[in-house]
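Have a look at target20.cif; it's mmCIF, C-alpha atoms:
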```
data_data
loop_
_atom_site.group_PDB
_atom_site.id
_atom_site.type_symbol
_atom_site.label_atom_id
_atom_site.label_comp_id
_atom_site.auth_asym_id
_atom_site.auth_seq_id
_atom_site.Cartn_x
_atom_site.Cartn_y
_atom_site.Cartn_z
ATOM 1 C CA MET A 1265 -4.536 56.580 -31.702
ATOM 2 C CA GLU A 1266 -6.932 57.996 -34.218
ATOM 3 C CA PRO A 1267 -5.381 59.452 -37.383
ATOM 4 C CA SER A 1268 -6.319 63.070 -37.933
ATOM 5 C CA HIS A 1269 -7.089 62.495 -41.607
ATOM 6 C CA ALA A 1270 -8.118 59.558 -43.719
ATOM 7 C CA THR A 1271 -5.967 59.147 -46.800
ATOM 8 C CA GLY A 1272 -7.183 56.672 -49.386
ATOM 9 C CA PRO A 1273 -5.277 54.525 -51.834
ATOM 10 C CA ASP A 1274 -5.989 56.987 -54.654
ATOM 11 C CA THR A 1275 -4.730 60.044 -52.823
ATOM 12 C CA GLN A 1276 -1.470 61.395 -54.249
ATOM 13 C CA GLU A 1277 -0.873 64.092 -51.641
ATOM 14 C CA ALA A 1278 2.593 63.912 -50.092
ATOM 15 C CA THR A 1279 2.836 63.887 -46.317
ATOM 16 C CA THR A 1280 5.596 65.004 -43.974
ATOM 17 C CA MET A 1281 6.107 62.789 -40.936
ATOM 18 C CA THR A 1282 7.399 64.026 -37.624
ATOM 19 C CA ALA A 1283 8.404 62.014 -34.586
ATOM 20 C CA GLY A 1284 5.414 60.414 -32.950
ATOM 21 C CA GLN A 1285 2.998 61.499 -35.695
ATOM 22 C CA PRO A 1286 0.393 58.853 -36.624
ATOM 23 C CA LEU A 1287 0.571 57.262 -40.011
ATOM 24 C CA ARG A 1288 -1.863 57.965 -42.761
ATOM 25 C CA ALA A 1289 -3.157 55.169 -44.913
ATOM 26 C CA ASP A 1290 -0.397 53.877 -47.162
ATOM 27 C CA PRO A 1291 -1.210 54.953 -50.750
ATOM 28 C CA GLN A 1292 1.172 52.406 -52.284
ATOM 29 C CA PRO A 1293 1.719 49.582 -49.785
ATOM 30 C CA GLN A 1294 3.577 47.447 -52.330
ATOM 31 C CA GLN A 1295 6.448 49.965 -52.344
ATOM 32 C CA ARG A 1296 7.299 49.676 -48.647
ATOM 33 C CA ARG A 1297 10.842 48.769 -47.624
ATOM 34 C CA HIS A 1298 11.965 45.162 -47.880
ATOM 35 C CA ALA A 1299 11.202 42.671 -45.101
ATOM 36 C CA PRO A 1300 13.854 41.599 -42.563
ATOM 37 C CA PRO A 1301 15.561 38.286 -43.321
ATOM 38 C CA ALA A 1302 13.586 35.160 -42.543
ATOM 39 C CA LEU A 1303 14.551 33.172 -39.471
ATOM 40 C CA HIS A 1304 15.252 29.483 -39.176
ATOM 41 C CA PRO A 1305 12.001 27.624 -38.285
ATOM 42 C CA ASP A 1306 13.514 26.551 -34.954
ATOM 43 C CA VAL A 1307 14.033 30.172 -33.892
ATOM 44 C CA VAL A 1308 10.484 31.505 -34.182
ATOM 45 C CA PRO A 1309 7.591 29.385 -32.830
ATOM 46 C CA ALA A 1310 5.795 27.649 -35.683
ATOM 47 C CA TYR A 1311 2.091 28.289 -35.220
ATOM 48 C CA LEU A 1312 -0.228 26.052 -37.160
ATOM 49 C CA PRO A 1313 -1.972 27.987 -39.947
ATOM 50 C CA PRO A 1314 -5.750 28.457 -39.953
ATOM 51 C CA GLU A 1315 -7.726 25.355 -40.915
ATOM 52 C CA SER A 1316 -7.954 26.728 -44.429
ATOM 53 C CA ASP A 1317 -6.929 29.833 -46.314
ATOM 54 C CA SER A 1318 -10.592 30.811 -46.352
ATOM 55 C CA ASP A 1319 -10.574 31.243 -42.555
ATOM 56 C CA GLU A 1320 -8.279 34.249 -42.772
ATOM 57 C CA SER A 1321 -10.073 35.746 -45.761
ATOM 58 C CA TRP A 1322 -13.420 35.200 -44.047
ATOM 59 C CA VAL A 1323 -12.280 36.979 -40.875
ATOM 60 C CA TRP A 1324 -10.912 39.871 -42.934
ATOM 61 C CA SER A 1325 -14.176 40.151 -44.894
ATOM 62 C CA GLN A 1326 -16.090 40.229 -41.602
ATOM 63 C CA ILE A 1327 -13.845 42.984 -40.252
ATOM 64 C CA LYS A 1328 -14.352 45.109 -43.365
ATOM 65 C CA ALA A 1329 -18.119 44.558 -43.325
ATOM 66 C CA GLU A 1330 -18.302 45.575 -39.671
ATOM 67 C CA ALA A 1331 -16.138 48.646 -40.336
ATOM 68 C CA ARG A 1332 -18.388 49.758 -43.203
ATOM 69 C CA ARG A 1333 -21.462 49.298 -41.039
ATOM 70 C CA ASP A 1334 -19.954 51.287 -38.176
ATOM 71 C CA ALA A 1335 -18.685 54.039 -40.482
ATOM 72 C CA ASP A 1336 -22.182 54.483 -41.895
ATOM 73 C CA ALA A 1337 -23.781 54.436 -38.445
ATOM 74 C CA GLU A 1338 -21.263 56.716 -36.727
ATOM 75 C CA PRO A 1339 -19.804 59.458 -38.956
ATOM 76 C CA ALA A 1340 -17.443 60.535 -36.167
ATOM 77 C CA LEU A 1341 -15.543 57.276 -36.668
ATOM 78 C CA ALA A 1342 -15.726 57.122 -40.460
ATOM 79 C CA SER A 1343 -12.302 58.695 -41.075
ATOM 80 C CA PHE A 1344 -10.634 56.452 -38.514
ATOM 81 C CA LEU A 1345 -12.287 53.298 -39.853
ATOM 82 C CA TYR A 1346 -11.403 54.113 -43.428
ATOM 83 C CA ALA A 1347 -7.773 54.922 -42.629
ATOM 84 C CA THR A 1348 -7.284 51.928 -40.312
ATOM 85 C CA VAL A 1349 -9.337 49.184 -42.000
ATOM 86 C CA LEU A 1350 -11.095 49.963 -45.257
ATOM 87 C CA SER A 1351 -8.134 51.458 -47.125
ATOM 88 C CA HIS A 1352 -5.954 48.379 -46.617
ATOM 89 C CA PRO A 1353 -5.766 45.307 -48.867
ATOM 90 C CA SER A 1354 -5.248 42.753 -46.073
ATOM 91 C CA LEU A 1355 -5.589 42.077 -42.374
ATOM 92 C CA GLU A 1356 -1.799 42.136 -42.000
ATOM 93 C CA ARG A 1357 -1.549 45.659 -43.459
ATOM 94 C CA SER A 1358 -4.404 46.917 -41.335
ATOM 95 C CA LEU A 1359 -2.939 45.395 -38.180
ATOM 96 C CA ALA A 1360 0.514 46.819 -38.920
ATOM 97 C CA PHE A 1361 -0.943 50.283 -39.572
ATOM 98 C CA HIS A 1362 -3.036 50.240 -36.390
ATOM 99 C CA LEU A 1363 -0.205 48.988 -34.175
ATOM 100 C CA ALA A 1364 2.154 51.594 -35.612
ATOM 101 C CA ASN A 1365 -0.266 54.388 -34.770
ATOM 102 C CA LYS A 1366 -0.998 53.016 -31.309
ATOM 103 C CA LEU A 1367 2.638 52.533 -30.336
ATOM 104 C CA CYS A 1368 4.405 55.428 -32.043
ATOM 105 C CA SER A 1369 6.420 57.830 -29.921
ATOM 106 C CA SER A 1370 9.278 60.283 -30.270
ATOM 107 C CA THR A 1371 11.619 57.284 -30.143
ATOM 108 C CA LEU A 1372 9.669 54.755 -32.194
ATOM 109 C CA VAL A 1373 8.213 56.768 -35.054
ATOM 110 C CA SER A 1374 5.144 55.451 -36.828
ATOM 111 C CA THR A 1375 6.832 54.910 -40.212
ATOM 112 C CA LEU A 1376 9.578 52.830 -38.611
ATOM 113 C CA LEU A 1377 7.048 50.736 -36.706
ATOM 114 C CA TYR A 1378 4.873 50.228 -39.771
ATOM 115 C CA ASP A 1379 7.807 48.939 -41.798
ATOM 116 C CA LEU A 1380 8.829 46.730 -38.883
ATOM 117 C CA PHE A 1381 5.388 45.180 -38.459
ATOM 118 C CA VAL A 1382 4.745 44.732 -42.180
ATOM 119 C CA GLY A 1383 8.163 43.194 -42.683
ATOM 120 C CA SER A 1384 7.788 40.757 -39.799
ATOM 121 C CA LEU A 1385 4.310 39.675 -40.902
ATOM 122 C CA ALA A 1386 5.529 39.164 -44.463
ATOM 123 C CA ALA A 1387 8.621 37.193 -43.436
ATOM 124 C CA HIS A 1388 6.783 35.031 -40.917
ATOM 125 C CA PRO A 1389 3.246 34.162 -42.115
ATOM 126 C CA THR A 1390 2.654 32.104 -38.983
ATOM 127 C CA ILE A 1391 2.450 35.369 -37.014
ATOM 128 C CA GLY A 1392 -0.511 36.445 -39.134
ATOM 129 C CA ALA A 1393 -2.072 33.001 -38.776
ATOM 130 C CA ALA A 1394 -1.730 33.277 -34.994
ATOM 131 C CA ALA A 1395 -3.409 36.703 -35.100
ATOM 132 C CA VAL A 1396 -6.388 35.146 -36.912
ATOM 133 C CA ALA A 1397 -6.560 32.384 -34.293
ATOM 134 C CA ASP A 1398 -6.502 35.048 -31.564
ATOM 135 C CA LEU A 1399 -9.335 36.979 -33.219
ATOM 136 C CA LEU A 1400 -11.436 33.819 -33.409
ATOM 137 C CA ALA A 1401 -10.622 33.020 -29.771
ATOM 138 C CA VAL A 1402 -11.609 36.445 -28.470
ATOM 139 C CA ARG A 1403 -14.822 36.532 -30.488
ATOM 140 C CA SER A 1404 -15.916 33.090 -29.277
ATOM 141 C CA ARG A 1405 -14.890 33.372 -25.608
ATOM 142 C CA ASP A 1406 -15.684 36.950 -24.610
ATOM 143 C CA PRO A 1407 -19.395 37.808 -24.653
ATOM 144 C CA ALA A 1408 -18.490 41.496 -24.433
ATOM 145 C CA CYS A 1409 -16.720 41.367 -27.804
ATOM 146 C CA ALA A 1410 -19.063 43.062 -30.263
ATOM 147 C CA GLY A 1411 -17.286 41.815 -33.371
ATOM 148 C CA PHE A 1412 -13.956 41.064 -35.016
ATOM 149 C CA SER A 1413 -13.349 44.721 -35.836
ATOM 150 C CA HIS A 1414 -14.032 45.623 -32.198
ATOM 151 C CA CYS A 1415 -11.280 43.213 -31.158
ATOM 152 C CA LEU A 1416 -8.833 44.373 -33.822
ATOM 153 C CA LEU A 1417 -9.293 48.055 -33.053
ATOM 154 C CA ASN A 1418 -10.002 48.199 -29.332
ATOM 155 C CA TYR A 1419 -8.820 45.096 -27.459
ATOM 156 C CA LYS A 1420 -5.528 46.018 -25.812
ATOM 157 C CA GLY A 1421 -4.821 42.400 -24.877
ATOM 158 C CA PHE A 1422 -5.095 41.305 -28.501
ATOM 159 C CA LEU A 1423 -2.949 44.193 -29.722
ATOM 160 C CA ALA A 1424 -0.330 43.622 -27.026
ATOM 161 C CA VAL A 1425 0.062 39.966 -28.027
ATOM 162 C CA GLN A 1426 0.461 40.838 -31.719
ATOM 163 C CA ALA A 1427 3.113 43.432 -30.916
ATOM 164 C CA HIS A 1428 4.856 40.917 -28.670
ATOM 165 C CA ARG A 1429 5.141 38.427 -31.510
ATOM 166 C CA VAL A 1430 7.073 40.992 -33.524
ATOM 167 C CA ALA A 1431 9.260 41.810 -30.500
ATOM 168 C CA HIS A 1432 9.911 38.067 -30.152
ATOM 169 C CA VAL A 1433 11.150 37.938 -33.747
ATOM 170 C CA LEU A 1434 13.472 40.877 -33.035
ATOM 171 C CA TRP A 1435 14.784 39.157 -29.917
ATOM 172 C CA ALA A 1436 15.517 35.974 -31.877
ATOM 173 C CA GLN A 1437 17.340 38.063 -34.491
ATOM 174 C CA SER A 1438 19.560 39.508 -31.723
ATOM 175 C CA ARG A 1439 17.988 42.950 -32.264
ATOM 176 C CA ARG A 1440 17.460 43.037 -28.533
ATOM 177 C CA ALA A 1441 17.659 46.769 -27.912
ATOM 178 C CA LEU A 1442 14.770 47.361 -30.331
ATOM 179 C CA ALA A 1443 12.843 44.396 -28.931
ATOM 180 C CA LEU A 1444 13.108 45.795 -25.409
ATOM 181 C CA ALA A 1445 12.141 49.286 -26.591
ATOM 182 C CA LEU A 1446 9.034 47.817 -28.204
ATOM 183 C CA GLN A 1447 8.238 45.877 -25.035
ATOM 184 C CA SER A 1448 8.510 49.068 -22.996
ATOM 185 C CA GLN A 1449 6.183 50.952 -25.340
ATOM 186 C CA VAL A 1450 3.629 48.123 -25.318
ATOM 187 C CA ALA A 1451 3.686 48.121 -21.508
ATOM 188 C CA GLU A 1452 3.173 51.881 -21.416
ATOM 189 C CA VAL A 1453 0.344 51.972 -23.958
ATOM 190 C CA PHE A 1454 -1.523 48.725 -23.194
ATOM 191 C CA ALA A 1455 -0.476 48.044 -19.554
ATOM 192 C CA VAL A 1456 0.636 44.549 -20.612
ATOM 193 C CA ASP A 1457 4.273 43.625 -19.950
ATOM 194 C CA ILE A 1458 5.526 40.568 -21.898
ATOM 195 C CA HIS A 1459 9.262 40.006 -22.164
ATOM 196 C CA PRO A 1460 10.314 39.624 -25.822
ATOM 197 C CA ALA A 1461 11.928 36.245 -25.127
ATOM 198 C CA ALA A 1462 8.700 34.696 -23.789
ATOM 199 C CA ALA A 1463 7.080 32.170 -26.137
ATOM 200 C CA ILE A 1464 3.355 32.692 -26.730
ATOM 201 C CA GLY A 1465 1.143 30.244 -28.636
ATOM 202 C CA LYS A 1466 -1.951 30.893 -30.732
ATOM 203 C CA GLY A 1467 -5.623 31.191 -29.862
ATOM 204 C CA ILE A 1468 -4.731 33.453 -26.927
ATOM 205 C CA LEU A 1469 -7.220 35.568 -24.994
ATOM 206 C CA LEU A 1470 -5.943 38.233 -22.607
ATOM 207 C CA ASP A 1471 -9.299 39.239 -21.191
ATOM 208 C CA ASP A 1472 -9.248 42.885 -20.029
ATOM 209 C CA ALA A 1473 -5.464 42.373 -19.983
ATOM 210 C CA GLY A 1474 -4.456 45.269 -17.723
ATOM 211 C CA GLY A 1475 -1.624 44.367 -15.376
ATOM 212 C CA VAL A 1476 -0.628 41.112 -17.089
ATOM 213 C CA VAL A 1477 3.091 40.365 -16.638
ATOM 214 C CA ILE A 1478 4.849 37.470 -18.421
ATOM 215 C CA GLY A 1479 8.523 36.850 -17.695
ATOM 216 C CA GLU A 1480 11.493 36.162 -19.928
ATOM 217 C CA THR A 1481 11.565 32.357 -19.880
ATOM 218 C CA ALA A 1482 7.807 31.810 -19.647
ATOM 219 C CA VAL A 1483 6.015 29.650 -22.207
ATOM 220 C CA VAL A 1484 2.289 29.925 -22.912
ATOM 221 C CA GLY A 1485 0.670 27.173 -24.997
ATOM 222 C CA ASP A 1486 -2.215 27.298 -27.446
ATOM 223 C CA ASN A 1487 -5.844 28.171 -26.614
ATOM 224 C CA VAL A 1488 -4.969 29.713 -23.251
ATOM 225 C CA SER A 1489 -7.130 32.371 -21.577
ATOM 226 C CA ILE A 1490 -5.574 34.778 -19.086
ATOM 227 C CA LEU A 1491 -7.486 37.442 -17.198
ATOM 228 C CA HIS A 1492 -6.277 40.792 -15.905
ATOM 229 C CA HIS A 1493 -3.545 41.259 -13.291
ATOM 230 C CA VAL A 1494 -2.045 37.808 -13.837
ATOM 231 C CA THR A 1495 1.681 37.401 -13.203
ATOM 232 C CA LEU A 1496 3.827 34.639 -14.689
ATOM 233 C CA GLY A 1497 6.970 35.551 -12.791
ATOM 234 C CA GLY A 1498 10.126 34.331 -11.114
ATOM 235 C CA THR A 1499 10.698 33.650 -7.427
ATOM 236 C CA GLY A 1500 13.406 36.287 -7.149
ATOM 237 C CA LYS A 1501 16.066 33.668 -6.405
ATOM 238 C CA ALA A 1502 16.515 31.541 -9.517
ATOM 239 C CA VAL A 1503 18.449 32.432 -12.644
ATOM 240 C CA GLY A 1504 18.236 30.984 -16.130
ATOM 241 C CA ASP A 1505 14.992 29.147 -16.886
ATOM 242 C CA ARG A 1506 12.920 30.571 -14.050
ATOM 243 C CA HIS A 1507 9.375 31.289 -15.241
ATOM 244 C CA PRO A 1508 6.169 29.217 -15.541
ATOM 245 C CA LYS A 1509 5.287 26.926 -18.430
ATOM 246 C CA ILE A 1510 1.563 27.044 -19.247
ATOM 247 C CA GLY A 1511 0.079 24.090 -21.134
ATOM 248 C CA ASP A 1512 -2.565 24.158 -23.860
ATOM 249 C CA GLY A 1513 -6.140 25.024 -22.931
ATOM 250 C CA VAL A 1514 -5.345 26.489 -19.490
ATOM 251 C CA LEU A 1515 -7.569 29.116 -17.829
ATOM 252 C CA ILE A 1516 -5.901 31.554 -15.397
ATOM 253 C CA GLY A 1517 -8.304 33.648 -13.317
ATOM 254 C CA ALA A 1518 -7.999 37.334 -12.509
ATOM 255 C CA GLY A 1519 -5.211 38.321 -10.149
ATOM 256 C CA ALA A 1520 -3.561 34.899 -10.106
ATOM 257 C CA THR A 1521 0.189 34.736 -9.531
ATOM 258 C CA ILE A 1522 2.297 31.815 -10.750
ATOM 259 C CA LEU A 1523 5.939 31.954 -9.696
ATOM 260 C CA GLY A 1524 8.988 29.949 -10.654
ATOM 261 C CA ASN A 1525 9.764 27.336 -13.272
ATOM 262 C CA VAL A 1526 6.587 25.361 -12.613
ATOM 263 C CA LEU A 1527 4.449 23.456 -15.069
ATOM 264 C CA ILE A 1528 0.719 24.116 -15.367
ATOM 265 C CA GLY A 1529 -0.617 21.043 -17.159
ATOM 266 C CA ALA A 1530 -2.907 21.105 -20.184
ATOM 267 C CA SER A 1531 -6.528 22.078 -19.522
ATOM 268 C CA ALA A 1532 -5.778 23.022 -15.911
ATOM 269 C CA LYS A 1533 -7.588 25.846 -14.144
ATOM 270 C CA ILE A 1534 -6.072 28.441 -11.799
ATOM 271 C CA GLY A 1535 -8.638 30.180 -9.614
ATOM 272 C CA ALA A 1536 -8.773 33.967 -9.344
ATOM 273 C CA GLY A 1537 -6.380 35.399 -6.797
ATOM 274 C CA SER A 1538 -4.451 32.153 -6.359
ATOM 275 C CA VAL A 1539 -0.707 32.028 -5.700
ATOM 276 C CA VAL A 1540 0.819 28.964 -7.367
ATOM 277 C CA LEU A 1541 4.338 27.818 -6.453
ATOM 278 C CA ILE A 1542 4.233 24.145 -7.488
ATOM 279 C CA ASP A 1543 3.322 22.137 -10.584
ATOM 280 C CA VAL A 1544 -0.373 21.706 -11.358
ATOM 281 C CA PRO A 1545 -1.259 18.412 -13.084
ATOM 282 C CA PRO A 1546 -3.278 18.399 -16.319
ATOM 283 C CA ARG A 1547 -7.045 18.822 -15.944
ATOM 284 C CA SER A 1548 -6.667 19.897 -12.307
ATOM 285 C CA THR A 1549 -7.808 23.001 -10.467
ATOM 286 C CA ALA A 1550 -5.622 25.036 -8.110
ATOM 287 C CA VAL A 1551 -7.147 27.641 -5.788
ATOM 288 C CA GLY A 1552 -6.136 29.699 -2.787
ATOM 289 C CA ASN A 1553 -3.069 31.398 -1.321
ATOM 290 C CA PRO A 1554 -0.956 29.362 -1.294
ATOM 291 C CA ALA A 1555 -2.802 27.363 -3.922
ATOM 292 C CA ARG A 1556 -3.873 23.796 -3.291
ATOM 293 C CA LEU A 1557 -5.250 21.231 -5.673
ATOM 294 C CA ILE A 1558 -8.877 20.256 -5.444
ATOM 295 C CA GLY A 1559 -8.799 17.246 -7.708
ATOM 296 C CA GLY A 1560 -8.981 16.402 -11.356
ATOM 297 C CA LYS A 1561 -11.924 17.041 -13.626
ATOM 298 C CA LYS A 1562 -13.709 14.450 -15.692
ATOM 299 C CA GLY A 1563 -14.992 15.026 -19.186
ATOM 300 C CA ASP A 1564 -13.455 16.801 -22.122
ATOM 301 C CA ASP A 1565 -13.921 20.422 -21.058
ATOM 302 C CA ILE A 1566 -11.062 22.770 -22.023
ATOM 303 C CA PRO A 1567 -11.195 25.623 -19.487
ATOM 304 C CA GLY A 1568 -9.196 27.981 -21.684
ATOM 305 C CA GLU A 1569 -11.969 27.750 -24.277
ATOM 306 C CA SER A 1570 -15.082 27.253 -22.108
ATOM 307 C CA MET A 1571 -14.116 30.092 -19.693
ATOM 308 C CA ASP A 1572 -15.739 28.193 -16.810
ATOM 309 C CA HIS A 1573 -14.431 29.987 -13.721
ATOM 310 C CA THR A 1574 -16.700 28.617 -10.995
ATOM 311 C CA SER A 1575 -17.494 24.922 -11.431
ATOM 312 C CA PHE A 1576 -14.688 23.993 -9.011
ATOM 313 C CA ILE A 1577 -16.680 25.508 -6.112
ATOM 314 C CA GLN A 1578 -18.947 22.445 -6.132
ATOM 315 C CA GLN A 1579 -15.884 20.283 -5.425
ATOM 316 C CA TRP A 1580 -14.449 22.497 -2.696
ATOM 317 C CA SER A 1581 -16.056 21.009 0.414
ATOM 318 C CA ASP A 1582 -14.990 23.715 2.867
ATOM 319 C CA TYR A 1583 -15.960 26.659 0.668
ATOM 320 C CA THR A 1584 -18.041 29.078 2.745
ATOM 321 C CA ILE A 1585 -19.214 32.656 2.531
#
```
Translate the structure described by the file into C-alpha cells.
Amino acid sequence: MEPSHATGPDTQEATTMTAGQPLRADPQPQQRRHAPPALHPDVVPAYLPPESDSDESWVWSQIKAEARRDADAEPALASFLYATVLSHPSLERSLAFHLANKLCSSTLVSTLLYDLFVGSLAAHPTIGAAAVADLLAVRSRDPACAGFSHCLLNYKGFLAVQAHRVAHVLWAQSRRALALALQSQVAEVFAVDIHPAAAIGKGILLDDAGGVVIGETAVVGDNVSILHHVTLGGTGKAVGDRHPKIGDGVLIGAGATILGNVLIGASAKIGAGSVVLIDVPPRSTAVGNPARLIGGKKGDDIPGESMDHTSFIQQWSDYTI
C-alpha cells in the first residue's frame, strides 16, 4: 500500500494515526518500543547467516541504488520509494515498514505491525539473514525479477514468507491469537496461506505465489522453489503430524498437491499438476495424478535452484501429446 506522503528522517511534523492508516517513514527509528523477549534457539529455526556480513550490506546497497534510479526515472513513485526504502537505515527497517503498510487493517494497525516486525527482526537476526537469502534466491531464479528492490516491494511470495517468519515467532511464544490474525491478513492480502506453526527454511522462492497453502505441521527445507497453487496439506483423516516434509533443493511445479505426512527427498522434483500421496526419494521426479516416480537423476543438479521443469519428459517413455 503506497503511503500518501513521504516523511523523511529530518521531518519533525507530528502525525496522527488511525486504524488501518499506512505508516509514514519513522523519523526516529531508534526510539521504537522494545523488542519482544528472545526465544530459546531450539524454538525458532536457526537459519545460517549470509556467507559474510558484506552480503547483507551489499544487497541493501543494491536495493537503495535501484530505488534511487527508479525514483529519478518515475516521479510518480518517488514519494513511495523514499518513504519505503530510501528513508530507512537498514533492510530490516525498510522491510518492517513495507510489511506494516501492506498488512495493516482496522484490526492490525500499522504502528502495531511495525513495532512487531522490527522487534522480531531485532530479537532474531536469523530472520533477517533468511530474508537476504530469499532475495538472492528470487533474483537468481526468476528471470522476470527486475532487481532486488522489485522483489522487496512487489513480490507477494517474498513478502508472505517474511511475514510468516514473524507469525512463526509469535506462535512459538504462545501468542497464537495474534499469529493466526497475522496469518489471516497475509492470506487476504497476498493470497498465500501458511500456518504459523509451519517451519520454512531459507533461500525460498514462491514464484507467482497465488494460491499456495502450507499446513500446520509442514516443513520446507532450504533452497526450495514452489510455484503458484501448490498445496502442502493433510489427507483429512490424520491428526497430529499430518503434513508434508520437503527436503532441501526441491522444486514443486504449479498446481501440485502433496498430501499427508510424506517425505519429499532432497533435490526431488514434483511435476506441475501432480498429486503426491507417498514418499518421493531424493533426486527423483514424481509426475501425474496420482503421481508416479520416473526414476532418479544423475549429476549434481539442484532443481530448486536450476528451476528445470521439463527435463523429466525425456525420461517419460509414454509421454504423448
* To do: Quick one: everything within 9 Å of Val1402 in chain A, counting only C-alpha atoms, minus sequence neighbours fewer than 5 positions away in the same chain. Send it as a list in words.
  => Ala1397, Pro1407, Cys1409, Phe1412, Cys1415, Phe1422, Gly1467, Ile1468, Leu1469, Leu1470 and Asp1471 of chain A
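Our summary of the geometry notes that CA of Trp1324 in chain A is positioned 13.8 Å from CA of Ala1394 in chain A.
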Centre and edge lengths, as JSON, for the axis-aligned box enclosing every listed atom of range 1429-1433 of chain A with 8 Å of padding on each of the six sides, in Å to one decimal?
```
{"center_x": 8.1, "center_y": 39.9, "center_z": -31.9, "size_x": 22.0, "size_y": 19.9, "size_z": 19.6}
```
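With all atoms listed in the file as the basis for measurement, A:Gln1426 is the residue among A:Gln1426, A:Gln1449, A:Gln1326, A:Ser1351 that approaches Ala1395 in chain A most closely.
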* To do: Would you mind reading off the distance between CA of Thr1549 in chain A and CA of Ile1516 in chain A, one decimal, in Å?
  => 10.1 Å
